[in-house]
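Only one structure is covered here, and it is reproduced in the block below.
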Amino acid sequence: MLDVRRLRLLCDLARLDTINAVAQAHMYTPSAVSQQLSALEREVGLPLLERTGRRVALTPAGRVLVQHGESVLAALEQTTTAIAALATGLSGPLRIGAFPTAVRTLLPATLVALAERHPGLELMVTELDPAAVPDALREHRLDVGLLHDYDVVPVKPDPMLDAVPLLDETVYLALPSTGSGSLRDQRDADWIVASPGTLCHDVTLHVCRAAGFTPRARHQADDFTTVLALVAAGQGVSLVPELATAKPPTGVWLVPLQTRRRTRIAYRRGAATHPAVAAFITEIRAASSGFGDPR
């Protein structure tokens, strides 16, 4: 009989690449992770890891075990969901992860509705970048989270997560009201861009390069409220999604582009019918009905 906790560590190693990263994710020591993986090898009766210097790689047996292990973990999630469905009323923690714009625009109404309909739920919100949501879900630090990508920079799905669409939004070119209108006209403009390495930064580079130029970054900001304030102050131009444009400051001119941002509600495989997850999906879809194209 394979130990599920050890199986989870092996699956996380396949995702995170190093024993140190797995140890950090589980708040173990690297030595403890290595010991658990060695015990899993003894249970299987085959080597699962190949050590090359300070790094480890999965053997063929290790890759097979990870492939089936992900299905086992999803089945356990389905079991937890089935048990939760038998309870009378919803109770316990529901840990929600969302990016700042969604926390500001979608979650207040969602949380109010959930609290009214399911007072036994302990609602816990964490604001974080969508890029951090998959790991937080896998590591059970979140139960549900919001992800997004853009049609011009799609994100590869995580095999251990399922997701349903929430919004499909127009992306706008945000200009000072004294500026001139098309994207191509911004070749010589100062740009307000997101932090390098973020999806929003990559999207700005992609959209501008498709228009024939590389944006000249003057300011760096990740919160769209800050971005629009800088645009209104004449400090540059930027790209912003529709969700961030509900109440733009005076002095901002918004030009719709062909680019679309797609937001999804994500959860662990097997958790789609968990009553708390299903309740969250229902309420956040109701809260998002006035934004973008609800899905």
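Scheme for the structure tokens: letters A, B, ... for chains in order shown; per-chain residue numbers from 1; ligand numbers from 1 in order shown.
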
Please return, as a PDB file with N, CA, C and O atoms, in the first residue's frame, all residues of region 218-281 of chain A that DSSP assigns to strand (DSSP E) on the basis of the backbone.
ATOM      1  N   ARG A 218       8.645  53.777 -18.508  1.00  0.00           N
ATOM      2  CA  ARG A 218       9.069  54.871 -17.646  1.00  0.00           C
ATOM      3  C   ARG A 218       8.718  54.566 -16.187  1.00  0.00           C
ATOM      4  O   ARG A 218       9.497  54.808 -15.289  1.00  0.00           O
ATOM      5  N   HIS A 219       7.501  54.042 -15.960  1.00  0.00           N
ATOM      6  CA  HIS A 219       7.057  53.713 -14.609  1.00  0.00           C
ATOM      7  C   HIS A 219       6.701  52.227 -14.551  1.00  0.00           C
ATOM      8  O   HIS A 219       6.319  51.620 -15.557  1.00  0.00           O
ATOM      9  N   GLN A 220       6.789  51.677 -13.365  1.00  0.00           N
ATOM     10  CA  GLN A 220       6.447  50.268 -13.143  1.00  0.00           C
ATOM     11  C   GLN A 220       5.425  50.198 -12.010  1.00  0.00           C
ATOM     12  O   GLN A 220       5.671  50.681 -10.909  1.00  0.00           O
ATOM     13  N   SER A 238      -0.779  53.019 -20.903  1.00  0.00           N
ATOM     14  CA  SER A 238      -0.697  51.662 -20.394  1.00  0.00           C
ATOM     15  C   SER A 238      -1.823  50.827 -20.982  1.00  0.00           C
ATOM     16  O   SER A 238      -2.727  51.347 -21.652  1.00  0.00           O
ATOM     17  N   LEU A 239      -1.772  49.522 -20.725  1.00  0.00           N
ATOM     18  CA  LEU A 239      -2.859  48.608 -21.064  1.00  0.00           C
ATOM     19  C   LEU A 239      -3.568  48.211 -19.778  1.00  0.00           C
ATOM     20  O   LEU A 239      -2.916  47.858 -18.784  1.00  0.00           O
ATOM     21  N   VAL A 240      -4.893  48.233 -19.791  1.00  0.00           N
ATOM     22  CA  VAL A 240      -5.676  47.848 -18.609  1.00  0.00           C
ATOM     23  C   VAL A 240      -6.862  47.003 -19.052  1.00  0.00           C
ATOM     24  O   VAL A 240      -7.463  47.260 -20.099  1.00  0.00           O
ATOM     25  N   PRO A 241      -7.240  45.993 -18.259  1.00  0.00           N
ATOM     26  CA  PRO A 241      -8.409  45.175 -18.587  1.00  0.00           C
ATOM     27  C   PRO A 241      -9.694  45.869 -18.177  1.00  0.00           C
ATOM     28  O   PRO A 241      -9.694  46.808 -17.355  1.00  0.00           O
ATOM     29  N   VAL A 252      -8.560  60.324 -18.052  1.00  0.00           N
ATOM     30  CA  VAL A 252      -8.134  59.093 -18.723  1.00  0.00           C
ATOM     31  C   VAL A 252      -9.057  58.819 -19.908  1.00  0.00           C
ATOM     32  O   VAL A 252     -10.283  58.874 -19.784  1.00  0.00           O
ATOM     33  N   TRP A 253      -8.447  58.516 -21.029  1.00  0.00           N
ATOM     34  CA  TRP A 253      -9.177  58.163 -22.252  1.00  0.00           C
ATOM     35  C   TRP A 253      -8.897  56.689 -22.518  1.00  0.00           C
ATOM     36  O   TRP A 253      -7.733  56.269 -22.575  1.00  0.00           O
ATOM     37  N   LEU A 254      -9.968  55.889 -22.691  1.00  0.00           N
ATOM     38  CA  LEU A 254      -9.842  54.450 -22.879  1.00  0.00           C
ATOM     39  C   LEU A 254     -10.180  54.071 -24.317  1.00  0.00           C
ATOM     40  O   LEU A 254     -11.278  54.362 -24.803  1.00  0.00           O
ATOM     41  N   VAL A 255      -9.229  53.408 -24.972  1.00  0.00           N
ATOM     42  CA  VAL A 255      -9.414  52.979 -26.365  1.00  0.00           C
ATOM     43  C   VAL A 255      -9.461  51.456 -26.392  1.00  0.00           C
ATOM     44  O   VAL A 255      -8.480  50.799 -26.016  1.00  0.00           O
ATOM     45  N   PRO A 256     -10.580  50.840 -26.799  1.00  0.00           N
ATOM     46  CA  PRO A 256     -10.658  49.370 -26.802  1.00  0.00           C
ATOM     47  C   PRO A 256      -9.739  48.757 -27.857  1.00  0.00           C
ATOM     48  O   PRO A 256      -9.611  49.274 -28.970  1.00  0.00           O
ATOM     49  N   LEU A 257      -9.100  47.660 -27.481  1.00  0.00           N
ATOM     50  CA  LEU A 257      -8.237  46.906 -28.382  1.00  0.00           C
ATOM     51  C   LEU A 257      -8.886  45.558 -28.704  1.00  0.00           C
ATOM     52  O   LEU A 257      -9.883  45.165 -28.092  1.00  0.00           O
ATOM     53  N   GLN A 258      -8.287  44.816 -29.620  1.00  0.00           N
ATOM     54  CA  GLN A 258      -8.791  43.488 -29.962  1.00  0.00           C
ATOM     55  C   GLN A 258      -8.404  42.438 -28.916  1.00  0.00           C
ATOM     56  O   GLN A 258      -9.012  41.382 -28.831  1.00  0.00           O
ATOM     57  N   THR A 259      -7.404  42.745 -28.114  1.00  0.00           N
ATOM     58  CA  THR A 259      -6.902  41.795 -27.113  1.00  0.00           C
ATOM     59  C   THR A 259      -7.957  41.522 -26.043  1.00  0.00           C
ATOM     60  O   THR A 259      -8.680  42.423 -25.627  1.00  0.00           O
ATOM     61  N   ARG A 260      -8.033  40.271 -25.592  1.00  0.00           N
ATOM     62  CA  ARG A 260      -8.997  39.873 -24.571  1.00  0.00           C
ATOM     63  C   ARG A 260      -8.282  39.243 -23.379  1.00  0.00           C
ATOM     64  O   ARG A 260      -7.269  38.557 -23.532  1.00  0.00           O
ATOM     65  N   ARG A 261      -8.811  39.519 -22.181  1.00  0.00           N
ATOM     66  CA  ARG A 261      -8.343  38.820 -20.976  1.00  0.00           C
ATOM     67  C   ARG A 261      -9.431  37.855 -20.518  1.00  0.00           C
ATOM     68  O   ARG A 261     -10.604  38.215 -20.446  1.00  0.00           O
ATOM     69  N   ARG A 262      -9.026  36.637 -20.165  1.00  0.00           N
ATOM     70  CA  ARG A 262      -9.978  35.604 -19.779  1.00  0.00           C
ATOM     71  C   ARG A 262      -9.716  35.191 -18.336  1.00  0.00           C
ATOM     72  O   ARG A 262      -8.610  34.760 -18.001  1.00  0.00           O
ATOM     73  N   THR A 263     -10.728  35.341 -17.498  1.00  0.00           N
ATOM     74  CA  THR A 263     -10.600  34.984 -16.080  1.00  0.00           C
ATOM     75  C   THR A 263     -11.362  33.689 -15.826  1.00  0.00           C
ATOM     76  O   THR A 263     -12.488  33.507 -16.310  1.00  0.00           O
ATOM     77  N   ARG A 264     -10.747  32.788 -15.038  1.00  0.00           N
ATOM     78  CA  ARG A 264     -11.346  31.495 -14.730  1.00  0.00           C
ATOM     79  C   ARG A 264     -11.342  31.270 -13.220  1.00  0.00           C
ATOM     80  O   ARG A 264     -10.487  31.801 -12.510  1.00  0.00           O
ATOM     81  N   ILE A 265     -12.281  30.464 -12.762  1.00  0.00           N
ATOM     82  CA  ILE A 265     -12.347  30.036 -11.364  1.00  0.00           C
ATOM     83  C   ILE A 265     -11.715  28.660 -11.289  1.00  0.00           C
ATOM     84  O   ILE A 265     -12.177  27.724 -11.943  1.00  0.00           O
ATOM     85  N   ALA A 266     -10.652  28.533 -10.501  1.00  0.00           N
ATOM     86  CA  ALA A 266      -9.888  27.287 -10.459  1.00  0.00           C
ATOM     87  C   ALA A 266     -10.011  26.615  -9.094  1.00  0.00           C
ATOM     88  O   ALA A 266     -10.189  27.273  -8.062  1.00  0.00           O
ATOM     89  N   TYR A 267      -9.874  25.295  -9.111  1.00  0.00           N
ATOM     90  CA  TYR A 267      -9.923  24.483  -7.885  1.00  0.00           C
ATOM     91  C   TYR A 267      -9.226  23.168  -8.200  1.00  0.00           C
ATOM     92  O   TYR A 267      -8.911  22.863  -9.366  1.00  0.00           O
ATOM     93  N   ARG A 268      -8.955  22.384  -7.184  1.00  0.00           N
ATOM     94  CA  ARG A 268      -8.274  21.111  -7.399  1.00  0.00           C
ATOM     95  C   ARG A 268      -9.167  20.143  -8.182  1.00  0.00           C
ATOM     96  O   ARG A 268     -10.402  20.155  -8.029  1.00  0.00           O
TER      97      ARG A 268
END

What lies within 12 Å of Leu228 (chain A) using only C-alpha atoms, ignoring chain neighbours under 3 positions off, as a PDB file with C-alpha atoms, in the first residue's frame?
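Below is the file selection12.pdb, written as the result:
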ATOM      1  CA  TYR A 172      -8.006  48.933 -23.258  1.00  0.00           C
ATOM      2  CA  LEU A 173      -5.242  51.313 -24.161  1.00  0.00           C
ATOM      3  CA  ALA A 174      -5.342  53.916 -21.381  1.00  0.00           C
ATOM      4  CA  LEU A 175      -4.222  57.378 -22.483  1.00  0.00           C
ATOM      5  CA  PRO A 176      -4.158  60.840 -20.933  1.00  0.00           C
ATOM      6  CA  SER A 177      -7.168  62.736 -22.268  1.00  0.00           C
ATOM      7  CA  TRP A 191       4.723  53.559 -20.845  1.00  0.00           C
ATOM      8  CA  ILE A 192       3.546  52.390 -17.445  1.00  0.00           C
ATOM      9  CA  VAL A 193       4.223  48.669 -17.291  1.00  0.00           C
ATOM     10  CA  HIS A 219       7.057  53.713 -14.609  1.00  0.00           C
ATOM     11  CA  ALA A 221       3.213  49.491 -11.277  1.00  0.00           C
ATOM     12  CA  ASP A 222       1.201  46.302 -10.759  1.00  0.00           C
ATOM     13  CA  ASP A 223      -2.021  47.736  -9.329  1.00  0.00           C
ATOM     14  CA  PHE A 224      -4.351  49.070 -12.024  1.00  0.00           C
ATOM     15  CA  THR A 225      -5.708  51.816  -9.768  1.00  0.00           C
ATOM     16  CA  VAL A 231      -2.095  57.910 -16.753  1.00  0.00           C
ATOM     17  CA  ALA A 232      -4.479  60.639 -15.522  1.00  0.00           C
ATOM     18  CA  ALA A 233      -1.457  62.598 -14.301  1.00  0.00           C
ATOM     19  CA  GLY A 234       0.015  62.502 -17.794  1.00  0.00           C
ATOM     20  CA  GLN A 235       2.855  60.202 -16.801  1.00  0.00           C
ATOM     21  CA  GLY A 236       2.421  57.732 -19.641  1.00  0.00           C
ATOM     22  CA  VAL A 237       0.131  55.225 -21.330  1.00  0.00           C
ATOM     23  CA  SER A 238      -0.697  51.662 -20.394  1.00  0.00           C
ATOM     24  CA  LEU A 239      -2.859  48.608 -21.064  1.00  0.00           C
ATOM     25  CA  VAL A 240      -5.676  47.848 -18.609  1.00  0.00           C
ATOM     26  CA  PRO A 241      -8.409  45.175 -18.587  1.00  0.00           C
ATOM     27  CA  ALA A 244     -10.139  47.849 -13.868  1.00  0.00           C
ATOM     28  CA  THR A 245     -12.038  50.526 -15.805  1.00  0.00           C
ATOM     29  CA  ALA A 246     -15.361  50.664 -13.924  1.00  0.00           C
ATOM     30  CA  LYS A 247     -14.572  54.088 -12.425  1.00  0.00           C
ATOM     31  CA  PRO A 248     -11.578  55.572 -14.265  1.00  0.00           C
ATOM     32  CA  PRO A 249     -10.209  58.837 -12.893  1.00  0.00           C
ATOM     33  CA  THR A 250     -10.882  62.101 -14.689  1.00  0.00           C
ATOM     34  CA  GLY A 251      -8.356  62.689 -17.414  1.00  0.00           C
ATOM     35  CA  VAL A 252      -8.134  59.093 -18.723  1.00  0.00           C
ATOM     36  CA  TRP A 253      -9.177  58.163 -22.252  1.00  0.00           C
ATOM     37  CA  LEU A 254      -9.842  54.450 -22.879  1.00  0.00           C
TER      38      LEU A 254
END

### Task
Pull the alpha helix (DSSP H) assignments for region 27-154 of chain A out of DSSP run on the backbone, and list those residues as JSON, numbers by chain.
{"A": [30, 31, 32, 33, 34, 35, 36, 37, 38, 39, 40, 41, 42, 43, 44, 60, 61, 62, 63, 64, 65, 66, 67, 68, 69, 70, 71, 72, 73, 74, 75, 76, 77, 78, 79, 80, 81, 82, 83, 84, 85, 100, 101, 102, 103, 104, 105, 107, 108, 109, 110, 111, 112, 113, 114, 115, 116, 117, 133, 134, 135, 136, 137, 138]}

Each residue of region 132-228 of chain A with at least one atom at most 12 Å from region 67-72 of chain A should appear once, together with its nearest atom pair and the corresponding distance in Å (one decimal); atoms considered: only C-alpha atoms; ordering: chain, then increasing residue number; output as a tab-separated table.
residue	atom	partner	partner_atom	distance
A:Arg138	CA	A:Glu70	CA	10.6
A:Asp158	CA	A:Glu70	CA	11.2
A:Pro159	CA	A:Glu70	CA	8.1
A:Met160	CA	A:Glu70	CA	6.6
A:Leu161	CA	A:Glu70	CA	10.1

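With only C-alpha atoms as the atoms that count, the residue of A:Thr226, A:Ser289, A:Ser195, A:Gln24 with the shortest distance to Leu106 (chain A) is A:Ser289.
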
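In this structure, CA of Leu114 (chain A) sits 24.3 Å away from CA of Ala132 (chain A).
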
### Query
Nearest to Ala98 (chain A) among A:Glu50, A:Asp143, A:Glu122, A:Glu116, with distances taken over only C-alpha atoms: which residue is it?
A:Asp143

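Shortest atom-to-atom contact with Cys200 (chain A) among A:Leu167, A:Ile281, A:Ile19, A:Val153: A:Val153, counting only C-alpha atoms.
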
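The residue set within 7 Å of region 180-188 of chain A, counting only C-alpha atoms and dropping same-chain residues fewer than 3 places from it, reads Ala211, Phe213 and Pro215 of chain A.
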
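Straight-line separation from CA of Gln36 (chain A) to CA of Ala74 (chain A): 21.0 Å.
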
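Comparing A:Leu123, A:Leu48, A:Val227, A:Ala75 by their smallest distance to Thr101 (chain A), the closest is A:Val227 (using only C-alpha atoms).
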
### All residues 12 Å or closer to Leu128 (chain A), only C-alpha atoms, same chain fewer than 5 positions away omitted, as JSON, numbers by chain
{"A": [96, 97, 98, 99, 100, 101, 102, 103, 133, 134, 135, 136, 142, 145, 146, 147, 222, 223]}

Write to file, as an mmCIF file, in the first residue's frame, the residues of the selection just made, with N, CA, C and O atoms.
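The resulting file, out16.cif, is shown below:
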data_model
loop_
_atom_site.group_PDB
_atom_site.id
_atom_site.type_symbol
_atom_site.label_atom_id
_atom_site.label_comp_id
_atom_site.auth_asym_id
_atom_site.auth_seq_id
_atom_site.Cartn_x
_atom_site.Cartn_y
_atom_site.Cartn_z
ATOM 1 N N ILE A 96 -10.004 31.565 -0.283
ATOM 2 C CA ILE A 96 -10.190 32.137 -1.614
ATOM 3 C C ILE A 96 -8.959 32.956 -1.992
ATOM 4 O O ILE A 96 -8.506 33.790 -1.213
ATOM 5 N N GLY A 97 -8.447 32.742 -3.176
ATOM 6 C CA GLY A 97 -7.335 33.542 -3.673
ATOM 7 C C GLY A 97 -7.746 34.342 -4.900
ATOM 8 O O GLY A 97 -8.384 33.802 -5.811
ATOM 9 N N ALA A 98 -7.411 35.619 -4.935
ATOM 10 C CA ALA A 98 -7.816 36.456 -6.062
ATOM 11 C C ALA A 98 -6.830 37.591 -6.257
ATOM 12 O O ALA A 98 -6.192 38.052 -5.315
ATOM 13 N N PHE A 99 -6.725 38.062 -7.504
ATOM 14 C CA PHE A 99 -5.843 39.178 -7.830
ATOM 15 C C PHE A 99 -6.477 40.487 -7.360
ATOM 16 O O PHE A 99 -7.700 40.564 -7.141
ATOM 17 N N PRO A 100 -5.683 41.538 -7.155
ATOM 18 C CA PRO A 100 -6.182 42.754 -6.505
ATOM 19 C C PRO A 100 -7.429 43.362 -7.136
ATOM 20 O O PRO A 100 -8.346 43.787 -6.419
ATOM 21 N N THR A 101 -7.491 43.426 -8.467
ATOM 22 C CA THR A 101 -8.657 44.051 -9.099
ATOM 23 C C THR A 101 -9.930 43.280 -8.793
ATOM 24 O O THR A 101 -10.992 43.868 -8.550
ATOM 25 N N ALA A 102 -9.843 41.952 -8.784
ATOM 26 C CA ALA A 102 -11.018 41.135 -8.468
ATOM 27 C C ALA A 102 -11.406 41.271 -7.001
ATOM 28 O O ALA A 102 -12.590 41.287 -6.663
ATOM 29 N N VAL A 103 -10.402 41.368 -6.116
ATOM 30 C CA VAL A 103 -10.697 41.569 -4.696
ATOM 31 C C VAL A 103 -11.489 42.862 -4.514
ATOM 32 O O VAL A 103 -12.436 42.924 -3.723
ATOM 33 N N VAL A 133 -1.510 31.228 -7.793
ATOM 34 C CA VAL A 133 -2.700 30.477 -7.407
ATOM 35 C C VAL A 133 -2.551 28.969 -7.603
ATOM 36 O O VAL A 133 -2.937 28.193 -6.715
ATOM 37 N N PRO A 134 -2.021 28.476 -8.737
ATOM 38 C CA PRO A 134 -1.928 27.023 -8.894
ATOM 39 C C PRO A 134 -1.162 26.329 -7.782
ATOM 40 O O PRO A 134 -1.622 25.302 -7.245
ATOM 41 N N ASP A 135 -0.007 26.863 -7.400
ATOM 42 C CA ASP A 135 0.753 26.239 -6.305
ATOM 43 C C ASP A 135 -0.028 26.277 -5.004
ATOM 44 O O ASP A 135 -0.033 25.312 -4.241
ATOM 45 N N ALA A 136 -0.693 27.403 -4.737
ATOM 46 C CA ALA A 136 -1.452 27.521 -3.488
ATOM 47 C C ALA A 136 -2.610 26.529 -3.445
ATOM 48 O O ALA A 136 -2.936 25.988 -2.384
ATOM 49 N N LEU A 142 -5.179 27.164 -0.543
ATOM 50 C CA LEU A 142 -6.422 27.730 -1.065
ATOM 51 C C LEU A 142 -7.368 26.596 -1.420
ATOM 52 O O LEU A 142 -6.933 25.480 -1.736
ATOM 53 N N GLY A 145 -9.577 29.660 -6.424
ATOM 54 C CA GLY A 145 -8.812 30.858 -6.764
ATOM 55 C C GLY A 145 -9.130 31.327 -8.171
ATOM 56 O O GLY A 145 -9.678 30.579 -8.991
ATOM 57 N N LEU A 146 -8.798 32.573 -8.436
ATOM 58 C CA LEU A 146 -9.034 33.155 -9.756
ATOM 59 C C LEU A 146 -7.730 33.189 -10.548
ATOM 60 O O LEU A 146 -6.698 33.654 -10.057
ATOM 61 N N LEU A 147 -7.815 32.693 -11.768
ATOM 62 C CA LEU A 147 -6.695 32.717 -12.708
ATOM 63 C C LEU A 147 -7.092 33.567 -13.903
ATOM 64 O O LEU A 147 -8.280 33.717 -14.195
ATOM 65 N N ASP A 222 1.974 47.527 -10.561
ATOM 66 C CA ASP A 222 1.201 46.302 -10.759
ATOM 67 C C ASP A 222 -0.274 46.461 -10.406
ATOM 68 O O ASP A 222 -1.083 45.621 -10.778
ATOM 69 N N ASP A 223 -0.626 47.506 -9.686
ATOM 70 C CA ASP A 223 -2.021 47.736 -9.329
ATOM 71 C C ASP A 223 -2.637 48.681 -10.357
ATOM 72 O O ASP A 223 -2.104 49.773 -10.611
#

### Query
Got a sec: who's within 8 Å of Arg6 (chain A), counting only C-alpha atoms, leaving out chain neighbours fewer than 3 positions off, as a list of chain:residue names?
A:Leu2, A:Asp3, A:Leu9, A:Leu10, A:Gln36, A:Leu37, A:Leu40

Writing out the chosen residues with C-alpha atoms as a short mmCIF file (atom, residue, chain, number, x, y, z; two decimals), in the first residue's frame:
data_model
loop_
_atom_site.label_atom_id
_atom_site.label_comp_id
_atom_site.auth_asym_id
_atom_site.auth_seq_id
_atom_site.Cartn_x
_atom_site.Cartn_y
_atom_site.Cartn_z
CA LEU A 2 1.47 3.32 -1.08
CA ASP A 3 1.53 6.20 1.39
CA LEU A 9 5.67 14.75 -2.24
CA LEU A 10 6.78 12.93 -5.38
CA GLN A 36 9.99 10.18 2.80
CA LEU A 37 10.87 9.73 -0.87
CA LEU A 40 8.31 5.54 -1.09
#

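The nearest approach to Pro119 (chain A) among the residues A:Ala61, A:Pro47, A:Ala276, A:Glu41, with only C-alpha atoms taken into account, belongs to A:Ala276.
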
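The two atoms in question, CA of Leu230 (chain A) and CA of Val171 (chain A), are spaced 17.7 Å apart.
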